[in-house]
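*Asks:* Below you'll find model_22.pdb; it's PDB, C-alpha atoms.
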MODEL        1
ATOM      1  CA  MET A   1       0.000   0.000   0.000
ATOM      2  CA  GLU A   2       1.151   3.508  -0.749
ATOM      3  CA  VAL A   3       2.033   5.724   2.182
ATOM      4  CA  SER A   4      -0.363   8.482   1.075
ATOM      5  CA  LYS A   5      -3.251   6.033   0.769
ATOM      6  CA  ALA A   6      -2.547   4.555   4.202
ATOM      7  CA  PHE A   7      -2.410   8.021   5.747
ATOM      8  CA  GLY A   8      -5.693   8.958   4.074
ATOM      9  CA  GLN A   9      -7.414   5.912   5.553
ATOM     10  CA  VAL A  10      -6.103   6.680   9.020
ATOM     11  CA  LEU A  11      -7.060  10.351   8.800
ATOM     12  CA  ARG A  12     -10.608   9.559   7.716
ATOM     13  CA  LEU A  13     -10.976   6.926  10.427
ATOM     14  CA  VAL A  14      -9.699   9.113  13.251
ATOM     15  CA  ARG A  15     -11.651  12.150  12.025
ATOM     16  CA  THR A  16     -14.958  10.291  11.890
ATOM     17  CA  GLU A  17     -14.305   8.627  15.257
ATOM     18  CA  ALA A  18     -13.736  12.128  16.646
ATOM     19  CA  GLY A  19     -17.117  13.148  15.225
ATOM     20  CA  LEU A  20     -15.618  15.866  13.043
ATOM     21  CA  THR A  21     -16.627  16.844   9.520
ATOM     22  CA  GLN A  22     -13.901  17.622   6.987
ATOM     23  CA  GLU A  23     -14.907  21.286   7.310
ATOM     24  CA  LYS A  24     -14.566  21.265  11.083
ATOM     25  CA  LEU A  25     -11.202  19.499  11.012
ATOM     26  CA  ALA A  26      -9.933  21.907   8.351
ATOM     27  CA  PHE A  27     -11.006  24.866  10.479
ATOM     28  CA  GLU A  28      -9.405  23.458  13.629
ATOM     29  CA  ALA A  29      -6.132  22.621  11.851
ATOM     30  CA  GLY A  30      -6.013  25.859   9.867
ATOM     31  CA  VAL A  31      -5.989  24.210   6.449
ATOM     32  CA  GLN A  32      -8.365  24.218   3.466
ATOM     33  CA  ARG A  33     -11.317  21.831   3.512
ATOM     34  CA  ASN A  34     -10.361  20.611   0.051
ATOM     35  CA  TYR A  35      -6.918  19.730   1.384
ATOM     36  CA  ILE A  36      -8.460  17.339   3.924
ATOM     37  CA  SER A  37     -10.377  15.711   1.095
ATOM     38  CA  LEU A  38      -7.204  15.289  -0.985
ATOM     39  CA  LEU A  39      -5.354  13.784   1.974
ATOM     40  CA  GLU A  40      -8.147  11.334   2.810
ATOM     41  CA  ARG A  41      -8.275  10.146  -0.787
ATOM     42  CA  GLY A  42      -4.520   9.604  -0.785
ATOM     43  CA  LEU A  43      -4.054  12.196  -3.531
ATOM     44  CA  HIS A  44      -1.753  14.420  -1.534
ATOM     45  CA  GLU A  45       1.119  13.638   0.733
ATOM     46  CA  PRO A  46       1.300  15.476   4.076
ATOM     47  CA  THR A  47       4.435  17.084   5.394
ATOM     48  CA  LEU A  48       5.426  16.473   8.996
ATOM     49  CA  SER A  49       4.128  19.914  10.047
ATOM     50  CA  THR A  50       0.744  19.143   8.550
ATOM     51  CA  ILE A  51       0.624  15.831  10.382
ATOM     52  CA  VAL A  52       1.383  17.623  13.660
ATOM     53  CA  LEU A  53      -1.333  20.249  13.004
ATOM     54  CA  LEU A  54      -3.902  17.574  12.140
ATOM     55  CA  ALA A  55      -3.018  15.554  15.228
ATOM     56  CA  GLN A  56      -3.508  18.601  17.455
ATOM     57  CA  ALA A  57      -6.891  19.280  15.849
ATOM     58  CA  LEU A  58      -7.842  15.607  16.325
ATOM     59  CA  ASN A  59      -6.692  15.686  19.941
ATOM     60  CA  CYS A  60      -4.262  12.836  19.379
ATOM     61  CA  SER A  61      -0.523  12.568  18.797
ATOM     62  CA  ALA A  62       1.286  12.529  15.473
ATOM     63  CA  THR A  63       3.015   9.420  16.829
ATOM     64  CA  SER A  64      -0.290   7.546  17.126
ATOM     65  CA  LEU A  65      -1.316   8.563  13.590
ATOM     66  CA  ILE A  66       1.994   7.351  12.142
ATOM     67  CA  SER A  67       1.797   4.164  14.155
ATOM     68  CA  GLU A  68      -1.578   3.425  12.528
ATOM     69  CA  VAL A  69      -0.120   4.241   9.110
ATOM     70  CA  GLU A  70       2.767   1.835   9.625
ATOM     71  CA  MET A  71       0.351  -0.893  10.722
ATOM     72  CA  ARG A  72      -1.484  -0.466   7.430
ATOM     73  CA  LEU A  73       1.745  -0.526   5.436
ATOM     74  CA  SER A  74       2.701  -3.787   7.154
ATOM     75  CA  PHE A  75      -0.760  -5.349   7.099
ATOM     76  CA  PRO A  76      -2.801  -3.995   4.164
ATOM     77  CA  SER A  77      -5.777  -6.197   5.086
ATOM     78  CA  LEU A  78      -6.420  -3.809   7.993
ATOM     79  CA  GLU A  79      -7.990  -1.502   5.405
ATOM     80  CA  ARG A  80     -11.208  -0.002   6.750
TER
ATOM     81  CA  MET B   1      10.642  24.631  18.480
ATOM     82  CA  GLU B   2       9.826  24.294  14.825
ATOM     83  CA  VAL B   3       8.819  20.880  13.579
ATOM     84  CA  SER B   4      11.488  20.863  10.865
ATOM     85  CA  LYS B   5      14.219  21.738  13.368
ATOM     86  CA  ALA B   6      13.069  19.029  15.766
ATOM     87  CA  PHE B   7      13.030  16.462  12.967
ATOM     88  CA  GLY B   8      16.509  17.506  11.883
ATOM     89  CA  GLN B   9      17.863  16.974  15.384
ATOM     90  CA  VAL B  10      16.282  13.539  15.615
ATOM     91  CA  LEU B  11      17.504  12.503  12.174
ATOM     92  CA  ARG B  12      21.080  13.522  12.932
ATOM     93  CA  LEU B  13      21.001  11.788  16.310
ATOM     94  CA  VAL B  14      19.600   8.510  14.997
ATOM     95  CA  ARG B  15      21.879   8.553  11.944
ATOM     96  CA  THR B  16      25.045   9.056  13.977
ATOM     97  CA  GLU B  17      23.941   6.454  16.542
ATOM     98  CA  ALA B  18      23.480   4.055  13.609
ATOM     99  CA  GLY B  19      27.039   4.833  12.541
ATOM    100  CA  LEU B  20      25.978   6.117   9.131
ATOM    101  CA  THR B  21      27.393   9.053   7.199
ATOM    102  CA  GLN B  22      24.980  11.385   5.405
ATOM    103  CA  GLU B  23      26.199   9.843   2.148
ATOM    104  CA  LYS B  24      25.490   6.305   3.315
ATOM    105  CA  LEU B  25      22.039   7.181   4.642
ATOM    106  CA  ALA B  26      21.201   9.012   1.407
ATOM    107  CA  PHE B  27      22.265   5.986  -0.614
ATOM    108  CA  GLU B  28      20.265   3.565   1.532
ATOM    109  CA  ALA B  29      17.135   5.750   1.460
ATOM    110  CA  GLY B  30      17.445   6.595  -2.220
ATOM    111  CA  VAL B  31      17.634  10.362  -1.754
ATOM    112  CA  GLN B  32      20.291  12.993  -2.472
ATOM    113  CA  ARG B  33      23.058  13.516   0.072
ATOM    114  CA  ASN B  34      22.357  17.228   0.069
ATOM    115  CA  TYR B  35      18.755  16.497   0.972
ATOM    116  CA  ILE B  36      19.865  14.767   4.188
ATOM    117  CA  SER B  37      21.934  17.823   5.024
ATOM    118  CA  LEU B  38      18.965  20.141   4.454
ATOM    119  CA  LEU B  39      16.733  17.965   6.631
ATOM    120  CA  GLU B  40      19.250  17.768   9.479
ATOM    121  CA  ARG B  41      19.647  21.538   9.476
ATOM    122  CA  GLY B  42      15.873  21.979   9.626
ATOM    123  CA  LEU B  43      15.875  23.750   6.273
ATOM    124  CA  HIS B  44      13.547  21.316   4.579
ATOM    125  CA  GLU B  45      10.423  19.628   5.733
ATOM    126  CA  PRO B  46      10.046  15.907   5.024
ATOM    127  CA  THR B  47       6.897  14.362   3.616
ATOM    128  CA  LEU B  48       5.538  11.232   5.229
ATOM    129  CA  SER B  49       6.955   9.037   2.436
ATOM    130  CA  THR B  50      10.407  10.456   3.022
ATOM    131  CA  ILE B  51      10.121   9.777   6.747
ATOM    132  CA  VAL B  52       9.170   6.169   6.007
ATOM    133  CA  LEU B  53      12.113   5.753   3.593
ATOM    134  CA  LEU B  54      14.558   7.244   6.095
ATOM    135  CA  ALA B  55      13.235   5.042   8.894
ATOM    136  CA  GLN B  56      13.721   1.921   6.758
ATOM    137  CA  ALA B  57      17.285   2.991   5.948
ATOM    138  CA  LEU B  58      17.922   3.646   9.652
ATOM    139  CA  ASN B  59      16.434   0.292  10.609
ATOM    140  CA  CYS B  60      13.877   1.899  12.885
ATOM    141  CA  SER B  61      10.199   2.796  12.587
ATOM    142  CA  ALA B  62       8.730   6.083  11.399
ATOM    143  CA  THR B  63       6.664   5.929  14.582
ATOM    144  CA  SER B  64       9.772   6.016  16.770
ATOM    145  CA  LEU B  65      11.221   8.957  14.797
ATOM    146  CA  ILE B  66       7.987  10.943  15.158
ATOM    147  CA  SER B  67       7.751  10.052  18.829
ATOM    148  CA  GLU B  68      11.209  11.577  19.354
ATOM    149  CA  VAL B  69      10.164  14.662  17.360
ATOM    150  CA  GLU B  70       7.078  15.153  19.513
ATOM    151  CA  MET B  71       9.176  14.814  22.668
ATOM    152  CA  ARG B  72      11.362  17.662  21.422
ATOM    153  CA  LEU B  73       8.347  19.786  20.520
ATOM    154  CA  SER B  74       6.977  19.284  24.036
ATOM    155  CA  PHE B  75      10.307  19.589  25.866
ATOM    156  CA  PRO B  76      12.697  21.778  23.852
ATOM    157  CA  SER B  77      15.380  21.408  26.533
ATOM    158  CA  LEU B  78      15.938  17.876  25.228
ATOM    159  CA  GLU B  79      17.921  19.487  22.411
ATOM    160  CA  ARG B  80      21.111  17.557  21.748
TER
ENDMDL
END
Output the structure of this file as structure tokens.

*Replies:*
Amino acid sequence: MEVSKAFGQVLRLVRTEAGLTQEKLAFEAGVQRNYISLLERGLHEPTLSTIVLLAQALNCSATSLISEVEMRLSFPSLER
Amino acid sequence: MEVSKAFGQVLRLVRTEAGLTQEKLAFEAGVQRNYISLLERGLHEPTLSTIVLLAQALNCSATSLISEVEMRLSFPSLER
């Protein structure tokens, strides 16, 4: 699995579990709503700063997001 | 502390602890040597794919690199 696709899956999962819309997450993280959509579809690759901003807005750590991404890279059947 | 500076510190620390030169790490990760230098000086911001490639070349996880970065962002006195 591509890194960007794995990150997009994790972002969408954590965002929906946090009960946030793409608009709300974008507002909280200070990014464009369309950018969240691109990330979740795996069409754009986040920089480390973006990952940190998103984690803060999601009230989690960048470490936990990346840990989930690496799980998906190792075990693609986790896809959800 | 800026995210890029924190990442640069962590990259340099882990690379030297692994006994790798910038040239060797660049070769293993498939990036330019100059790019490693820019990252370590906090002058460039890595994408998630780059972090994953560097972690593989350093024989560690991206999660552990990001965990170290977040420690530095929370406790800047860790600088070393």

*Asks:* Just want the 10 Å neighbourhood of Glu23 (chain B), counted on only C-alpha atoms, with same-chain residues fewer than 6 positions away dropped. Output as JSON, numbers by chain.

*Replies:* {"B": [29, 31, 32, 33, 34, 36, 37]}

*Asks:* If you count only C-alpha atoms, which residues fall within 12 Å of Val14 (chain A), apart from same-chain ones fewer than 5 positions away, as a list in words?

*Replies:*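 The contact residues come out as Phe7, Gly8, Gln9, Gly19, Leu20, Thr21, Gln22, Leu25, Glu40, Leu54, Ala55, Ala57, Leu58, Asn59, Cys60, Ser61, Ala62, Ser64, Leu65, Ile66, Glu68, Val69 and Arg80 of chain A.
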
*Asks:* Let me make sure I understand: among A:Leu11, A:Arg72, A:Gln56, A:Thr47, which one has the smallest atom-to-atom distance to chain B if we use only C-alpha atoms?

*Replies:*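 Residue with the minimum atom-to-atom distance to chain B: A:Thr47.
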
*Asks:* Counting all atoms listed in the file, which residues of chain B fall within 7 Å of chain A, and what is the closest atom pair for each with its distance in Å at one decimal, ordered by chain and rising number, as JSON lines?

*Replies:*
{"residue": "B:Val3", "atom": "CA", "partner": "A:Ser49", "partner_atom": "CA", "distance": 6.0}
{"residue": "B:Glu45", "atom": "CA", "partner": "A:Thr47", "partner_atom": "CA", "distance": 6.5}
{"residue": "B:Pro46", "atom": "CA", "partner": "A:Thr47", "partner_atom": "CA", "distance": 5.7}
{"residue": "B:Thr47", "atom": "CA", "partner": "A:Thr47", "partner_atom": "CA", "distance": 4.1}
{"residue": "B:Leu48", "atom": "CA", "partner": "A:Thr47", "partner_atom": "CA", "distance": 6.0}
{"residue": "B:Ser49", "atom": "CA", "partner": "A:Val3", "partner_atom": "CA", "distance": 5.9}
{"residue": "B:Ala62", "atom": "CA", "partner": "A:Ile66", "partner_atom": "CA", "distance": 6.9}
{"residue": "B:Thr63", "atom": "CA", "partner": "A:Ser67", "partner_atom": "CA", "distance": 5.2}
{"residue": "B:Ile66", "atom": "CA", "partner": "A:Thr63", "partner_atom": "CA", "distance": 5.5}
{"residue": "B:Ser67", "atom": "CA", "partner": "A:Thr63", "partner_atom": "CA", "distance": 5.2}

*Asks:* State, in Å with one decimal place, the distance from CA of Ala6 (chain B) to CA of Lys24 (chain B).

*Replies:* 21.7 Å

*Asks:* Kindly give the distance, in Å, that separates CA of Thr16 (chain A) and CA of Leu38 (chain A), rounded to a single decimal.

*Replies:*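 Value for the CA of Thr16 (chain A)-CA of Leu38 (chain A) distance: 15.8 Å.
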
*Asks:* For CA of Phe27 (chain B) and CA of Leu13 (chain B), determine how far apart the two atoms are, in Å to one decimal place.

*Replies:*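 These atoms are spaced 17.9 Å apart.
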
*Asks:* Excluding Met1 (chain A) and its own-chain neighbours fewer than 6 positions away, which residues fall within 10 Å of it when counting all atoms listed in the file? Please give them as a list in words.

*Replies:*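 In the requested format, the answer is Arg72, Leu73, Ser74, Phe75, Pro76, Ser77 and Glu79 of chain A.
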
*Asks:* Would you compute an axis-aligned box for region 18-31 of chain A, covering every atom listed for it in the file with 5 Å of margin on each side, and report centre and edge lengths in Å to one decimal as lines of an AutoDock Vina configuration file?

*Replies:*
center_x = -11.6
center_y = 19.0
center_z = 11.5
size_x = 21.1
size_y = 23.7
size_z = 20.2

*Asks:* Would you mind completing region 32-59 of chain A so that it carries N, CA and C atoms, and writing it out as a compact mmCIF listing (two decimals), in the frame of the given file?

*Replies:*
# COMPACT_ATOMS: atom_id res chain seq x y z
N GLN A 32 -7.18 24.17 4.33
CA GLN A 32 -8.36 24.22 3.47
C GLN A 32 -9.16 22.91 3.57
N ARG A 33 -10.47 23.02 3.45
CA ARG A 33 -11.32 21.83 3.51
C ARG A 33 -10.95 20.88 2.38
N ASN A 34 -10.70 21.44 1.20
CA ASN A 34 -10.36 20.61 0.05
C ASN A 34 -9.05 19.83 0.29
N TYR A 35 -8.19 20.40 1.08
CA TYR A 35 -6.92 19.73 1.38
C TYR A 35 -7.16 18.46 2.20
N ILE A 36 -8.10 18.54 3.15
CA ILE A 36 -8.46 17.34 3.92
C ILE A 36 -8.99 16.26 2.99
N SER A 37 -9.81 16.66 2.05
CA SER A 37 -10.38 15.71 1.10
C SER A 37 -9.27 15.05 0.26
N LEU A 38 -8.33 15.84 -0.20
CA LEU A 38 -7.20 15.29 -0.98
C LEU A 38 -6.38 14.31 -0.15
N LEU A 39 -6.13 14.67 1.10
CA LEU A 39 -5.35 13.78 1.97
C LEU A 39 -6.11 12.47 2.19
N GLU A 40 -7.39 12.56 2.49
CA GLU A 40 -8.15 11.33 2.81
C GLU A 40 -8.27 10.41 1.61
N ARG A 41 -8.21 10.99 0.41
CA ARG A 41 -8.28 10.15 -0.79
C ARG A 41 -6.88 9.69 -1.23
N GLY A 42 -5.88 10.04 -0.46
CA GLY A 42 -4.52 9.60 -0.78
C GLY A 42 -3.94 10.31 -1.99
N LEU A 43 -4.50 11.47 -2.34
CA LEU A 43 -4.05 12.20 -3.53
C LEU A 43 -3.01 13.25 -3.20
N HIS A 44 -2.79 13.47 -1.93
CA HIS A 44 -1.75 14.42 -1.53
C HIS A 44 -1.01 13.84 -0.35
N GLU A 45 0.24 14.20 -0.30
CA GLU A 45 1.12 13.64 0.73
C GLU A 45 1.39 14.72 1.79
N PRO A 46 1.09 14.44 3.06
CA PRO A 46 1.30 15.48 4.08
C PRO A 46 2.77 15.64 4.45
N THR A 47 3.13 16.87 4.77
CA THR A 47 4.43 17.08 5.39
C THR A 47 4.30 16.80 6.89
N LEU A 48 5.44 16.75 7.55
CA LEU A 48 5.43 16.47 9.00
C LEU A 48 4.67 17.57 9.75
N SER A 49 4.85 18.83 9.36
CA SER A 49 4.13 19.91 10.05
C SER A 49 2.62 19.75 9.92
N THR A 50 2.18 19.35 8.75
CA THR A 50 0.74 19.14 8.55
C THR A 50 0.24 18.02 9.44
N ILE A 51 1.02 16.95 9.53
CA ILE A 51 0.62 15.83 10.38
C ILE A 51 0.49 16.29 11.84
N VAL A 52 1.43 17.12 12.28
CA VAL A 52 1.38 17.62 13.66
C VAL A 52 0.15 18.51 13.86
N LEU A 53 -0.15 19.39 12.91
CA LEU A 53 -1.33 20.25 13.00
C LEU A 53 -2.62 19.42 13.05
N LEU A 54 -2.71 18.42 12.19
CA LEU A 54 -3.90 17.57 12.14
C LEU A 54 -4.07 16.80 13.45
N ALA A 55 -2.95 16.30 13.97
CA ALA A 55 -3.02 15.55 15.23
C ALA A 55 -3.53 16.45 16.36
N GLN A 56 -3.03 17.68 16.41
CA GLN A 56 -3.51 18.60 17.45
C GLN A 56 -5.01 18.83 17.32
N ALA A 57 -5.46 19.02 16.08
CA ALA A 57 -6.89 19.28 15.85
C ALA A 57 -7.74 18.05 16.18
N LEU A 58 -7.14 16.87 16.05
CA LEU A 58 -7.84 15.61 16.32
C LEU A 58 -7.65 15.17 17.77
N ASN A 59 -6.92 15.98 18.53
CA ASN A 59 -6.69 15.69 19.94
C ASN A 59 -6.00 14.33 20.13
